[in-house]
file run21.cif (mmCIF, all heavy atoms)
data_model
loop_
_atom_site.label_atom_id
_atom_site.label_comp_id
_atom_site.auth_asym_id
_atom_site.auth_seq_id
_atom_site.Cartn_x
_atom_site.Cartn_y
_atom_site.Cartn_z
N MET Y 17 12.63 -13.28 15.27
CA MET Y 17 12.79 -12.56 14.02
C MET Y 17 13.00 -11.08 14.34
O MET Y 17 12.25 -10.50 15.11
CB MET Y 17 11.56 -12.75 13.15
CG MET Y 17 11.71 -12.13 11.79
SD MET Y 17 10.28 -12.34 10.69
CE MET Y 17 10.16 -14.09 10.59
N THR Y 18 13.99 -10.50 13.76
CA THR Y 18 14.26 -9.09 14.03
C THR Y 18 13.48 -8.21 13.08
O THR Y 18 13.01 -8.64 12.03
CB THR Y 18 15.76 -8.79 13.88
OG1 THR Y 18 16.14 -9.09 12.54
CG2 THR Y 18 16.60 -9.57 14.85
N CYS Y 19 13.35 -6.95 13.45
CA CYS Y 19 12.57 -5.99 12.67
C CYS Y 19 13.11 -5.88 11.24
O CYS Y 19 12.35 -5.85 10.28
CB CYS Y 19 12.59 -4.64 13.37
SG CYS Y 19 11.54 -3.42 12.55
N TRP Y 20 14.41 -5.83 11.07
CA TRP Y 20 14.97 -5.67 9.72
C TRP Y 20 14.64 -6.87 8.84
O TRP Y 20 14.43 -6.74 7.66
CB TRP Y 20 16.47 -5.42 9.75
CG TRP Y 20 17.27 -6.57 10.30
CD1 TRP Y 20 17.67 -6.74 11.60
CD2 TRP Y 20 17.74 -7.71 9.59
NE1 TRP Y 20 18.35 -7.93 11.74
CE2 TRP Y 20 18.42 -8.53 10.52
CE3 TRP Y 20 17.67 -8.13 8.28
CZ2 TRP Y 20 19.01 -9.75 10.15
CZ3 TRP Y 20 18.25 -9.33 7.92
CH2 TRP Y 20 18.92 -10.12 8.86
N LEU Y 21 14.53 -8.05 9.44
CA LEU Y 21 14.21 -9.23 8.66
C LEU Y 21 12.77 -9.16 8.15
O LEU Y 21 12.49 -9.50 7.01
CB LEU Y 21 14.42 -10.50 9.50
CG LEU Y 21 14.19 -11.82 8.77
CD1 LEU Y 21 15.08 -11.93 7.54
CD2 LEU Y 21 14.46 -12.97 9.70
N ILE Y 22 11.87 -8.70 9.00
CA ILE Y 22 10.48 -8.53 8.57
C ILE Y 22 10.42 -7.54 7.43
O ILE Y 22 9.75 -7.75 6.42
CB ILE Y 22 9.59 -8.08 9.75
CG1 ILE Y 22 9.50 -9.19 10.79
CG2 ILE Y 22 8.21 -7.68 9.27
CD1 ILE Y 22 8.88 -8.76 12.09
N TRP Y 23 11.13 -6.42 7.56
CA TRP Y 23 11.13 -5.39 6.52
C TRP Y 23 11.67 -5.95 5.20
O TRP Y 23 11.14 -5.67 4.14
CB TRP Y 23 11.98 -4.21 6.97
CG TRP Y 23 12.09 -3.15 5.92
CD1 TRP Y 23 13.18 -2.87 5.16
CD2 TRP Y 23 11.08 -2.25 5.49
NE1 TRP Y 23 12.91 -1.85 4.29
CE2 TRP Y 23 11.63 -1.45 4.47
CE3 TRP Y 23 9.75 -2.03 5.86
CZ2 TRP Y 23 10.90 -0.46 3.83
CZ3 TRP Y 23 9.03 -1.03 5.21
CH2 TRP Y 23 9.60 -0.27 4.22
N GLU Y 24 12.68 -6.77 5.27
CA GLU Y 24 13.29 -7.29 4.05
C GLU Y 24 12.46 -8.35 3.36
O GLU Y 24 12.76 -8.73 2.24
CB GLU Y 24 14.69 -7.82 4.34
CG GLU Y 24 15.68 -6.72 4.65
CD GLU Y 24 17.10 -7.22 4.83
OE1 GLU Y 24 17.35 -8.42 4.65
OE2 GLU Y 24 17.96 -6.40 5.14
N THR Y 25 11.42 -8.83 4.00
CA THR Y 25 10.58 -9.86 3.38
C THR Y 25 9.24 -9.30 2.94
O THR Y 25 8.35 -10.06 2.60
CB THR Y 25 10.36 -11.03 4.35
OG1 THR Y 25 9.70 -10.55 5.52
CG2 THR Y 25 11.66 -11.71 4.71
N THR Y 26 9.08 -8.01 2.92
CA THR Y 26 7.81 -7.40 2.51
C THR Y 26 7.83 -7.05 1.03
O THR Y 26 8.90 -6.93 0.43
CB THR Y 26 7.54 -6.12 3.33
OG1 THR Y 26 8.58 -5.18 3.04
CG2 THR Y 26 7.46 -6.41 4.80
N PRO Y 27 6.66 -6.86 0.44
CA PRO Y 27 6.62 -6.47 -0.98
C PRO Y 27 7.37 -5.18 -1.28
O PRO Y 27 7.96 -5.04 -2.34
CB PRO Y 27 5.12 -6.30 -1.25
CG PRO Y 27 4.45 -7.17 -0.26
CD PRO Y 27 5.33 -7.09 0.97
N ILE Y 28 7.40 -4.25 -0.33
CA ILE Y 28 8.09 -2.99 -0.59
C ILE Y 28 9.60 -3.19 -0.67
O ILE Y 28 10.28 -2.55 -1.47
CB ILE Y 28 7.70 -1.89 0.43
CG1 ILE Y 28 8.01 -0.52 -0.16
CG2 ILE Y 28 8.38 -2.10 1.76
CD1 ILE Y 28 7.32 0.61 0.54
N ALA Y 29 10.12 -4.11 0.12
CA ALA Y 29 11.56 -4.39 0.05
C ALA Y 29 11.92 -5.01 -1.29
O ALA Y 29 13.01 -4.80 -1.81
CB ALA Y 29 11.97 -5.32 1.19
N ASP Y 30 10.98 -5.76 -1.87
CA ASP Y 30 11.19 -6.39 -3.17
C ASP Y 30 10.85 -5.45 -4.32
O ASP Y 30 10.95 -5.84 -5.48
CB ASP Y 30 10.34 -7.64 -3.29
CG ASP Y 30 10.72 -8.71 -2.31
OD1 ASP Y 30 11.89 -8.72 -1.87
OD2 ASP Y 30 9.86 -9.52 -1.96
N ARG Y 31 10.39 -4.25 -3.99
CA ARG Y 31 9.93 -3.27 -4.99
C ARG Y 31 8.79 -3.83 -5.83
O ARG Y 31 8.66 -3.58 -7.01
CB ARG Y 31 11.07 -2.78 -5.86
CG ARG Y 31 12.11 -2.05 -5.05
CD ARG Y 31 13.22 -1.56 -5.89
NE ARG Y 31 14.23 -0.98 -5.00
CZ ARG Y 31 14.93 0.08 -5.30
NH1 ARG Y 31 14.77 0.68 -6.44
NH2 ARG Y 31 15.81 0.55 -4.44
N ASN Y 32 7.95 -4.62 -5.16
CA ASN Y 32 6.78 -5.21 -5.79
C ASN Y 32 5.61 -4.25 -5.61
O ASN Y 32 4.72 -4.46 -4.79
CB ASN Y 32 6.47 -6.57 -5.15
CG ASN Y 32 5.24 -7.22 -5.72
OD1 ASN Y 32 4.59 -6.69 -6.61
ND2 ASN Y 32 4.90 -8.38 -5.20
N TYR Y 33 5.60 -3.20 -6.41
CA TYR Y 33 4.61 -2.15 -6.24
C TYR Y 33 3.20 -2.60 -6.60
O TYR Y 33 2.24 -2.14 -6.00
CB TYR Y 33 5.02 -0.91 -7.03
CG TYR Y 33 6.35 -0.37 -6.55
CD1 TYR Y 33 7.44 -0.33 -7.38
CD2 TYR Y 33 6.49 0.06 -5.24
CE1 TYR Y 33 8.67 0.15 -6.92
CE2 TYR Y 33 7.71 0.53 -4.77
CZ TYR Y 33 8.79 0.57 -5.62
OH TYR Y 33 9.99 1.03 -5.15
N GLU Y 34 3.06 -3.53 -7.53
CA GLU Y 34 1.74 -4.07 -7.83
C GLU Y 34 1.20 -4.85 -6.64
O GLU Y 34 0.02 -4.77 -6.31
CB GLU Y 34 1.78 -4.94 -9.07
CG GLU Y 34 1.96 -4.14 -10.35
CD GLU Y 34 1.98 -5.01 -11.58
OE1 GLU Y 34 1.46 -6.14 -11.54
OE2 GLU Y 34 2.50 -4.54 -12.61
N GLY Y 35 2.08 -5.60 -5.98
CA GLY Y 35 1.68 -6.35 -4.79
C GLY Y 35 1.28 -5.43 -3.65
O GLY Y 35 0.33 -5.70 -2.93
N ILE Y 36 2.02 -4.34 -3.50
CA ILE Y 36 1.70 -3.36 -2.46
C ILE Y 36 0.34 -2.75 -2.74
O ILE Y 36 -0.50 -2.62 -1.84
CB ILE Y 36 2.78 -2.27 -2.40
CG1 ILE Y 36 4.10 -2.86 -1.95
CG2 ILE Y 36 2.35 -1.13 -1.48
CD1 ILE Y 36 5.29 -1.95 -2.18
N ALA Y 37 0.12 -2.35 -3.99
CA ALA Y 37 -1.16 -1.73 -4.35
C ALA Y 37 -2.31 -2.67 -4.06
O ALA Y 37 -3.37 -2.25 -3.57
CB ALA Y 37 -1.14 -1.34 -5.82
N LYS Y 38 -2.13 -3.94 -4.34
CA LYS Y 38 -3.16 -4.94 -4.08
C LYS Y 38 -3.42 -5.09 -2.58
O LYS Y 38 -4.56 -5.21 -2.15
CB LYS Y 38 -2.73 -6.28 -4.69
CG LYS Y 38 -3.79 -7.31 -4.73
CD LYS Y 38 -3.29 -8.55 -5.47
CE LYS Y 38 -4.39 -9.56 -5.63
NZ LYS Y 38 -3.94 -10.74 -6.35
N GLU Y 39 -2.36 -5.06 -1.79
CA GLU Y 39 -2.50 -5.15 -0.33
C GLU Y 39 -3.30 -3.97 0.23
O GLU Y 39 -4.11 -4.14 1.13
CB GLU Y 39 -1.13 -5.21 0.35
CG GLU Y 39 -0.41 -6.51 0.15
CD GLU Y 39 -1.11 -7.69 0.79
OE1 GLU Y 39 -1.66 -7.55 1.91
OE2 GLU Y 39 -1.13 -8.76 0.17
N PHE Y 40 -3.07 -2.78 -0.29
CA PHE Y 40 -3.83 -1.61 0.18
C PHE Y 40 -5.33 -1.85 0.04
O PHE Y 40 -6.11 -1.50 0.91
CB PHE Y 40 -3.46 -0.35 -0.61
CG PHE Y 40 -2.22 0.33 -0.12
CD1 PHE Y 40 -1.20 0.63 -1.01
CD2 PHE Y 40 -2.09 0.71 1.19
CE1 PHE Y 40 -0.06 1.27 -0.57
CE2 PHE Y 40 -0.95 1.35 1.64
CZ PHE Y 40 0.07 1.63 0.75
N LEU Y 41 -5.74 -2.43 -1.08
CA LEU Y 41 -7.17 -2.64 -1.35
C LEU Y 41 -7.80 -3.66 -0.41
O LEU Y 41 -9.01 -3.66 -0.23
CB LEU Y 41 -7.36 -3.05 -2.80
CG LEU Y 41 -6.92 -2.00 -3.83
CD1 LEU Y 41 -7.05 -2.56 -5.24
CD2 LEU Y 41 -7.69 -0.71 -3.68
N ASP Y 42 -6.98 -4.50 0.21
CA ASP Y 42 -7.50 -5.51 1.14
C ASP Y 42 -7.75 -4.97 2.55
O ASP Y 42 -8.46 -5.59 3.33
CB ASP Y 42 -6.51 -6.68 1.26
CG ASP Y 42 -6.49 -7.55 0.02
OD1 ASP Y 42 -7.45 -7.49 -0.77
OD2 ASP Y 42 -5.53 -8.30 -0.15
N ILE Y 43 -7.16 -3.83 2.89
CA ILE Y 43 -7.23 -3.32 4.25
C ILE Y 43 -8.22 -2.16 4.30
O ILE Y 43 -7.88 -1.01 4.08
CB ILE Y 43 -5.84 -2.87 4.74
CG1 ILE Y 43 -4.84 -4.01 4.58
CG2 ILE Y 43 -5.90 -2.39 6.18
CD1 ILE Y 43 -3.40 -3.59 4.74
N THR Y 44 -9.50 -2.49 4.56
CA THR Y 44 -10.55 -1.47 4.53
C THR Y 44 -11.48 -1.50 5.73
O THR Y 44 -12.55 -0.88 5.70
CB THR Y 44 -11.40 -1.63 3.26
OG1 THR Y 44 -12.03 -2.91 3.30
CG2 THR Y 44 -10.57 -1.47 2.00
N ASN Y 45 -11.11 -2.22 6.79
CA ASN Y 45 -11.97 -2.33 7.98
C ASN Y 45 -13.40 -2.71 7.63
O ASN Y 45 -14.35 -2.05 8.02
CB ASN Y 45 -11.95 -1.02 8.79
CG ASN Y 45 -10.63 -0.78 9.47
OD1 ASN Y 45 -9.79 -1.67 9.56
ND2 ASN Y 45 -10.42 0.43 9.95
N GLY Y 46 -13.53 -3.74 6.82
CA GLY Y 46 -14.85 -4.24 6.48
C GLY Y 46 -15.58 -3.40 5.45
O GLY Y 46 -16.80 -3.45 5.36
N GLY Y 47 -14.87 -2.62 4.68
CA GLY Y 47 -15.49 -1.84 3.61
C GLY Y 47 -15.91 -0.45 4.02
O GLY Y 47 -16.78 0.15 3.38
N GLU Y 48 -15.33 0.08 5.09
CA GLU Y 48 -15.64 1.44 5.54
C GLU Y 48 -15.43 2.41 4.38
O GLU Y 48 -14.34 2.50 3.80
CB GLU Y 48 -14.73 1.81 6.71
CG GLU Y 48 -15.06 3.10 7.37
CD GLU Y 48 -14.18 3.35 8.57
OE1 GLU Y 48 -14.01 2.45 9.41
OE2 GLU Y 48 -13.66 4.47 8.63
N LYS Y 49 -16.48 3.15 4.01
CA LYS Y 49 -16.51 3.95 2.80
C LYS Y 49 -15.30 4.88 2.64
O LYS Y 49 -14.65 4.89 1.60
CB LYS Y 49 -17.80 4.77 2.75
CG LYS Y 49 -17.99 5.53 1.47
CD LYS Y 49 -19.30 6.29 1.46
CE LYS Y 49 -19.45 7.09 0.20
NZ LYS Y 49 -20.70 7.83 0.16
N GLY Y 50 -15.00 5.66 3.66
CA GLY Y 50 -13.88 6.60 3.58
C GLY Y 50 -12.55 5.89 3.43
O GLY Y 50 -11.67 6.35 2.70
N LEU Y 51 -12.40 4.76 4.09
CA LEU Y 51 -11.15 4.01 4.02
C LEU Y 51 -11.00 3.32 2.66
O LEU Y 51 -9.90 3.24 2.13
CB LEU Y 51 -11.05 3.00 5.15
CG LEU Y 51 -9.70 2.34 5.36
CD1 LEU Y 51 -8.59 3.37 5.50
CD2 LEU Y 51 -9.73 1.44 6.58
N VAL Y 52 -12.10 2.87 2.09
CA VAL Y 52 -12.05 2.27 0.75
C VAL Y 52 -11.54 3.30 -0.25
O VAL Y 52 -10.66 3.02 -1.06
CB VAL Y 52 -13.43 1.72 0.33
CG1 VAL Y 52 -13.45 1.36 -1.14
CG2 VAL Y 52 -13.82 0.53 1.19
N LYS Y 53 -12.07 4.52 -0.16
CA LYS Y 53 -11.64 5.60 -1.07
C LYS Y 53 -10.15 5.91 -0.87
O LYS Y 53 -9.41 6.08 -1.84
CB LYS Y 53 -12.49 6.84 -0.82
CG LYS Y 53 -12.23 7.96 -1.79
CD LYS Y 53 -13.19 9.12 -1.55
CE LYS Y 53 -12.89 10.25 -2.51
NZ LYS Y 53 -13.76 11.40 -2.27
N ARG Y 54 -9.73 5.97 0.37
CA ARG Y 54 -8.33 6.25 0.67
C ARG Y 54 -7.42 5.15 0.14
O ARG Y 54 -6.37 5.42 -0.45
CB ARG Y 54 -8.14 6.40 2.18
CG ARG Y 54 -6.71 6.63 2.57
CD ARG Y 54 -6.59 6.81 4.06
NE ARG Y 54 -5.20 6.89 4.44
CZ ARG Y 54 -4.79 7.18 5.64
NH1 ARG Y 54 -5.66 7.42 6.61
NH2 ARG Y 54 -3.52 7.23 5.92
N ARG Y 55 -7.81 3.89 0.36
CA ARG Y 55 -6.98 2.77 -0.11
C ARG Y 55 -6.89 2.75 -1.63
O ARG Y 55 -5.86 2.41 -2.19
CB ARG Y 55 -7.52 1.45 0.41
CG ARG Y 55 -7.44 1.29 1.91
CD ARG Y 55 -6.03 1.42 2.42
NE ARG Y 55 -5.97 1.11 3.83
CZ ARG Y 55 -5.25 1.74 4.73
NH1 ARG Y 55 -4.47 2.73 4.34
NH2 ARG Y 55 -5.26 1.40 5.98
N LYS Y 56 -7.95 3.13 -2.32
CA LYS Y 56 -7.90 3.22 -3.79
C LYS Y 56 -6.90 4.29 -4.21
O LYS Y 56 -6.15 4.10 -5.17
CB LYS Y 56 -9.28 3.52 -4.36
CG LYS Y 56 -10.19 2.33 -4.34
CD LYS Y 56 -11.55 2.65 -4.95
CE LYS Y 56 -12.48 1.46 -4.87
NZ LYS Y 56 -13.80 1.78 -5.42
N ALA Y 57 -6.88 5.42 -3.50
CA ALA Y 57 -5.93 6.49 -3.81
C ALA Y 57 -4.50 6.02 -3.55
O ALA Y 57 -3.58 6.31 -4.33
CB ALA Y 57 -6.24 7.74 -2.98
N GLU Y 58 -4.29 5.29 -2.46
CA GLU Y 58 -2.95 4.77 -2.16
C GLU Y 58 -2.52 3.75 -3.19
O GLU Y 58 -1.36 3.74 -3.63
CB GLU Y 58 -2.94 4.16 -0.75
CG GLU Y 58 -3.08 5.20 0.33
CD GLU Y 58 -3.37 4.61 1.70
OE1 GLU Y 58 -3.88 3.48 1.80
OE2 GLU Y 58 -3.07 5.31 2.68
N SER Y 59 -3.44 2.92 -3.61
CA SER Y 59 -3.13 1.94 -4.64
C SER Y 59 -2.74 2.63 -5.94
O SER Y 59 -1.75 2.26 -6.59
CB SER Y 59 -4.35 1.03 -4.87
OG SER Y 59 -4.12 0.11 -5.90
N ASN Y 60 -3.49 3.65 -6.32
CA ASN Y 60 -3.19 4.43 -7.52
C ASN Y 60 -1.82 5.08 -7.44
O ASN Y 60 -1.08 5.13 -8.42
CB ASN Y 60 -4.27 5.48 -7.74
CG ASN Y 60 -4.14 6.18 -9.07
OD1 ASN Y 60 -3.80 5.57 -10.08
ND2 ASN Y 60 -4.42 7.45 -9.08
N MET Y 61 -1.46 5.54 -6.25
CA MET Y 61 -0.16 6.17 -6.05
C MET Y 61 0.96 5.17 -6.35
O MET Y 61 1.93 5.51 -7.03
CB MET Y 61 -0.04 6.69 -4.62
CG MET Y 61 1.28 7.35 -4.32
SD MET Y 61 1.36 8.03 -2.65
CE MET Y 61 1.19 6.57 -1.65
N PHE Y 62 0.84 3.95 -5.86
CA PHE Y 62 1.88 2.96 -6.08
C PHE Y 62 1.91 2.45 -7.51
O PHE Y 62 2.97 2.20 -8.07
CB PHE Y 62 1.74 1.79 -5.11
CG PHE Y 62 2.47 2.02 -3.83
CD1 PHE Y 62 1.86 2.68 -2.79
CD2 PHE Y 62 3.77 1.60 -3.67
CE1 PHE Y 62 2.53 2.91 -1.61
CE2 PHE Y 62 4.46 1.83 -2.50
CZ PHE Y 62 3.84 2.49 -1.46
N LEU Y 63 0.74 2.30 -8.12
CA LEU Y 63 0.70 1.77 -9.49
C LEU Y 63 1.06 2.80 -10.55
O LEU Y 63 1.68 2.47 -11.55
CB LEU Y 63 -0.69 1.20 -9.80
CG LEU Y 63 -1.06 -0.09 -9.11
CD1 LEU Y 63 -2.50 -0.45 -9.43
CD2 LEU Y 63 -0.12 -1.21 -9.51
N ASN Y 64 0.63 4.04 -10.35
CA ASN Y 64 0.74 5.05 -11.40
C ASN Y 64 1.54 6.28 -11.01
O ASN Y 64 1.59 7.24 -11.77
CB ASN Y 64 -0.67 5.48 -11.83
CG ASN Y 64 -1.49 4.30 -12.27
OD1 ASN Y 64 -1.08 3.53 -13.12
ND2 ASN Y 64 -2.66 4.14 -11.68
N ASN Y 65 2.10 6.28 -9.79
CA ASN Y 65 2.85 7.43 -9.30
C ASN Y 65 2.00 8.70 -9.30
O ASN Y 65 2.47 9.78 -9.66
CB ASN Y 65 4.15 7.62 -10.10
CG ASN Y 65 5.15 8.47 -9.35
OD1 ASN Y 65 5.14 8.51 -8.13
ND2 ASN Y 65 5.98 9.18 -10.08
N VAL Y 66 0.73 8.54 -8.93
CA VAL Y 66 -0.20 9.66 -8.88
C VAL Y 66 -0.73 9.77 -7.44
O VAL Y 66 -1.27 8.82 -6.90
CB VAL Y 66 -1.40 9.43 -9.82
CG1 VAL Y 66 -2.44 10.52 -9.65
CG2 VAL Y 66 -0.92 9.35 -11.26
N TYR Y 67 -0.54 10.94 -6.84
CA TYR Y 67 -1.03 11.15 -5.48
C TYR Y 67 -2.18 12.12 -5.51
O TYR Y 67 -2.05 13.23 -6.02
CB TYR Y 67 0.07 11.68 -4.56
CG TYR Y 67 -0.42 11.93 -3.17
CD1 TYR Y 67 -0.73 10.88 -2.33
CD2 TYR Y 67 -0.62 13.22 -2.70
CE1 TYR Y 67 -1.22 11.09 -1.05
CE2 TYR Y 67 -1.09 13.44 -1.42
CZ TYR Y 67 -1.39 12.38 -0.61
OH TYR Y 67 -1.86 12.59 0.65
N ASP Y 68 -3.33 11.71 -4.97
CA ASP Y 68 -4.50 12.55 -4.89
C ASP Y 68 -4.84 12.76 -3.42
O ASP Y 68 -5.27 11.84 -2.74
CB ASP Y 68 -5.67 11.87 -5.60
CG ASP Y 68 -6.95 12.67 -5.54
OD1 ASP Y 68 -6.94 13.82 -5.05
OD2 ASP Y 68 -7.98 12.15 -5.98
N SER Y 69 -4.63 13.95 -2.93
CA SER Y 69 -4.82 14.23 -1.50
C SER Y 69 -6.27 14.55 -1.15
O SER Y 69 -6.55 14.91 -0.01
CB SER Y 69 -3.91 15.37 -1.06
OG SER Y 69 -4.29 16.56 -1.73
N THR Y 70 -7.21 14.41 -2.07
CA THR Y 70 -8.59 14.75 -1.79
C THR Y 70 -9.36 13.62 -1.14
O THR Y 70 -10.54 13.77 -0.88
CB THR Y 70 -9.33 15.16 -3.09
OG1 THR Y 70 -9.34 14.05 -3.99
CG2 THR Y 70 -8.67 16.37 -3.73
N HIS Y 71 -8.73 12.50 -0.88
CA HIS Y 71 -9.44 11.37 -0.27
C HIS Y 71 -9.88 11.76 1.11
O HIS Y 71 -10.72 11.22 1.69
CB HIS Y 71 -8.58 10.11 -0.24
CG HIS Y 71 -7.35 10.23 0.58
ND1 HIS Y 71 -6.18 10.68 0.04
CD2 HIS Y 71 -7.11 9.99 1.87
CE1 HIS Y 71 -5.26 10.70 0.99
NE2 HIS Y 71 -5.80 10.27 2.10
#
call {"tool": "encode", "arguments": {"input": "run21.cif", "output": "structure tokens"}}
result
Amino acid sequence: MTCWLIWETTPIADRNYEGIAKEFLDITNGGEKGLVKRRKAESNMFLNNVYDSTH
């Protein structure tokens, strides 16, 4: 499988921003506090077009 094929089968290639936001919330290294906060900010960015750099 080539790199472009992997890219074309991801939620971002499909513009599935809700799916992307959901994926961010799953990647937290076991609930590491700082990473959970960051992933919530990233999810908010994809769902609501709001970027908060204070994470």
call {"tool": "atom_distance", "arguments": {"input": "run21.cif", "atom1": "atom O of Ser59 (chain Y)", "atom2": "CA of Ile28 (chain Y)"}}
result
12.7 Å
call {"tool": "closest_residue", "arguments": {"input": "run21.cif", "among": "Y:Asn65, Y:Thr70, Y:Glu58, Y:Leu51", "to": "Ala37 (chain Y)", "atoms": "all atoms listed in the file"}}
result
Y:Glu58
call {"tool": "atom_distance", "arguments": {"input": "run21.cif", "atom1": "SD of Met61 (chain Y)", "atom2": "atom N of Asp42 (chain Y)"}}
result
15.3 Å
call {"tool": "atom_distance", "arguments": {"input": "run21.cif", "atom1": "CA of Asp68 (chain Y)", "atom2": "CA of Lys53 (chain Y)"}}
result
10.7 Å
call {"tool": "decode", "arguments": {"input": "run21.cif", "residues": "region 38-45 of chain Y", "atoms": "all heavy atoms", "output": "PDB file, in the first residue's frame"}}
result
ATOM      1  N   LYS Y  38     -13.586  12.871  16.846  1.00  0.00           N
ATOM      2  CA  LYS Y  38     -13.776  11.705  17.706  1.00  0.00           C
ATOM      3  C   LYS Y  38     -12.465  10.931  17.871  1.00  0.00           C
ATOM      4  O   LYS Y  38     -12.138  10.469  18.961  1.00  0.00           O
ATOM      5  CB  LYS Y  38     -14.860  10.809  17.111  1.00  0.00           C
ATOM      6  CG  LYS Y  38     -15.340   9.734  18.011  1.00  0.00           C
ATOM      7  CD  LYS Y  38     -16.503   8.987  17.361  1.00  0.00           C
ATOM      8  CE  LYS Y  38     -17.082   7.976  18.309  1.00  0.00           C
ATOM      9  NZ  LYS Y  38     -18.207   7.267  17.722  1.00  0.00           N
ATOM     10  N   GLU Y  39     -11.706  10.803  16.793  1.00  0.00           N
ATOM     11  CA  GLU Y  39     -10.413  10.107  16.855  1.00  0.00           C
ATOM     12  C   GLU Y  39      -9.444  10.825  17.792  1.00  0.00           C
ATOM     13  O   GLU Y  39      -8.700  10.183  18.531  1.00  0.00           O
ATOM     14  CB  GLU Y  39      -9.792   9.993  15.462  1.00  0.00           C
ATOM     15  CG  GLU Y  39     -10.487   9.011  14.560  1.00  0.00           C
ATOM     16  CD  GLU Y  39     -10.390   7.580  15.056  1.00  0.00           C
ATOM     17  OE1 GLU Y  39      -9.320   7.177  15.566  1.00  0.00           O
ATOM     18  OE2 GLU Y  39     -11.386   6.862  14.940  1.00  0.00           O
ATOM     19  N   PHE Y  40      -9.428  12.149  17.771  1.00  0.00           N
ATOM     20  CA  PHE Y  40      -8.545  12.894  18.673  1.00  0.00           C
ATOM     21  C   PHE Y  40      -8.799  12.508  20.124  1.00  0.00           C
ATOM     22  O   PHE Y  40      -7.869  12.351  20.908  1.00  0.00           O
ATOM     23  CB  PHE Y  40      -8.749  14.403  18.528  1.00  0.00           C
ATOM     24  CG  PHE Y  40      -8.004  15.020  17.382  1.00  0.00           C
ATOM     25  CD1 PHE Y  40      -8.673  15.795  16.455  1.00  0.00           C
ATOM     26  CD2 PHE Y  40      -6.643  14.853  17.244  1.00  0.00           C
ATOM     27  CE1 PHE Y  40      -7.995  16.377  15.408  1.00  0.00           C
ATOM     28  CE2 PHE Y  40      -5.954  15.425  16.193  1.00  0.00           C
ATOM     29  CZ  PHE Y  40      -6.631  16.192  15.273  1.00  0.00           C
ATOM     30  N   LEU Y  41     -10.060  12.366  20.491  1.00  0.00           N
ATOM     31  CA  LEU Y  41     -10.417  12.070  21.882  1.00  0.00           C
ATOM     32  C   LEU Y  41      -9.984  10.677  22.309  1.00  0.00           C
ATOM     33  O   LEU Y  41      -9.844  10.412  23.504  1.00  0.00           O
ATOM     34  CB  LEU Y  41     -11.917  12.254  22.081  1.00  0.00           C
ATOM     35  CG  LEU Y  41     -12.429  13.679  21.839  1.00  0.00           C
ATOM     36  CD1 LEU Y  41     -13.946  13.721  21.949  1.00  0.00           C
ATOM     37  CD2 LEU Y  41     -11.786  14.666  22.789  1.00  0.00           C
ATOM     38  N   ASP Y  42      -9.739   9.787  21.354  1.00  0.00           N
ATOM     39  CA  ASP Y  42      -9.307   8.422  21.670  1.00  0.00           C
ATOM     40  C   ASP Y  42      -7.810   8.309  21.936  1.00  0.00           C
ATOM     41  O   ASP Y  42      -7.358   7.329  22.515  1.00  0.00           O
ATOM     42  CB  ASP Y  42      -9.661   7.471  20.521  1.00  0.00           C
ATOM     43  CG  ASP Y  42     -11.140   7.186  20.428  1.00  0.00           C
ATOM     44  OD1 ASP Y  42     -11.853   7.416  21.419  1.00  0.00           O
ATOM     45  OD2 ASP Y  42     -11.584   6.727  19.369  1.00  0.00           O
ATOM     46  N   ILE Y  43      -7.028   9.288  21.509  1.00  0.00           N
ATOM     47  CA  ILE Y  43      -5.570   9.194  21.594  1.00  0.00           C
ATOM     48  C   ILE Y  43      -5.079  10.064  22.742  1.00  0.00           C
ATOM     49  O   ILE Y  43      -4.811  11.248  22.580  1.00  0.00           O
ATOM     50  CB  ILE Y  43      -4.919   9.620  20.259  1.00  0.00           C
ATOM     51  CG1 ILE Y  43      -5.510   8.809  19.114  1.00  0.00           C
ATOM     52  CG2 ILE Y  43      -3.407   9.458  20.331  1.00  0.00           C
ATOM     53  CD1 ILE Y  43      -5.166   9.342  17.747  1.00  0.00           C
ATOM     54  N   THR Y  44      -4.996   9.466  23.939  1.00  0.00           N
ATOM     55  CA  THR Y  44      -4.633  10.245  25.128  1.00  0.00           C
ATOM     56  C   THR Y  44      -3.562   9.588  25.992  1.00  0.00           C
ATOM     57  O   THR Y  44      -3.365   9.992  27.139  1.00  0.00           O
ATOM     58  CB  THR Y  44      -5.876  10.477  26.009  1.00  0.00           C
ATOM     59  OG1 THR Y  44      -6.369   9.207  26.433  1.00  0.00           O
ATOM     60  CG2 THR Y  44      -6.945  11.257  25.271  1.00  0.00           C
ATOM     61  N   ASN Y  45      -2.881   8.564  25.473  1.00  0.00           N
ATOM     62  CA  ASN Y  45      -1.849   7.858  26.247  1.00  0.00           C
ATOM     63  C   ASN Y  45      -2.360   7.433  27.622  1.00  0.00           C
ATOM     64  O   ASN Y  45      -1.748   7.723  28.642  1.00  0.00           O
ATOM     65  CB  ASN Y  45      -0.586   8.714  26.386  1.00  0.00           C
ATOM     66  CG  ASN Y  45       0.158   8.865  25.094  1.00  0.00           C
ATOM     67  OD1 ASN Y  45      -0.106   8.150  24.126  1.00  0.00           O
ATOM     68  ND2 ASN Y  45       1.092   9.791  25.042  1.00  0.00           N
TER      69      ASN Y  45
END
